[in-house]
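**Student:** The structure is given below, and queries will be raised subsequently.
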Amino acid sequence: MGGSDGFSRLTPLQNAALGVSAGTIEIFALQPMLYCKNATQQNLPLSINPKVLYRGVAMSATNMAIITGTQFPLTGAISKLMSGGSNEPLSDGQTIAAALCGGGISGIICCPMELVVIQQQRFGLSLLQTPRRIVSEFGIATMMRGV
């Protein structure tokens, strides 16, 4: 009954490719909504200008590709550990636990990228200027804020 059975049957490379593809497609479809959410949270005016709507999309796509590209193989590996290598499906609880572990680990990896995406949308700086600004004004530890 567990839903991670498919992840445990794929190789880590197949899981990573599936995750990267899913994450990249998702970001390009949802970027305008992410912009609206971030602008609303920061009390910034909304725009329908595509240059503004898609500001930060490169880092956002990279971030999501890495998030899902690590979540899928991590969830698969944890699922295999939980099943002891057997072909028996995981219980619903084990499936949820495997997904939570995979997601939690990927969050640590991607926290700095999320910060850059939000700050890039807010201040309109380039992909390289944004982390430089964050580190110079607030220190390197700020890159892990929110973990």
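Residue names in the structure tokens use chain letters A, B, ... in the order shown, residue numbers from 1 in each chain, and ligand numbers from 1 in the order shown.
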Mind listing the helix (DSSP H, G or I) residues of range 25-104 of chain A, per DSSP on the backbone, as a PyMOL selection string?
**Tutor:** chain A and resi 25-41+50-53+57-83+92-104
**Student:** Do a neighbour search on Met82 in chain A at 9 Å with only C-alpha atoms, toss out local chain neighbours closer than 6 positions, and write the hits as a ChimeraX atom specification.
**Tutor:** /A:90,94,98
**Student:** Extract, using only C-alpha atoms, all DNA, RNA and protein residues at most 7 Å from Ala65 in chain A, discarding same-chain residues fewer than 2 positions from it, and format them as a PyMOL selection string.
**Tutor:** chain A and resi 19-21+23-24+61-63+67-69
**Student:** Need the shell around Arg145 in chain A: protein/DNA/RNA residues with any atom at most 10 Å away, counting only C-alpha atoms. Skip same-chain ones fewer than 3 positions apart. Format as a count of residues only?
**Tutor:** 6
**Student:** Using only C-alpha atoms, which residue out of A:Ala58, A:Leu74, A:Val117, A:Met64 lies closest to Ala39 in chain A?
**Tutor:**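 Result for the nearest residue to Ala39 in chain A: A:Val117.
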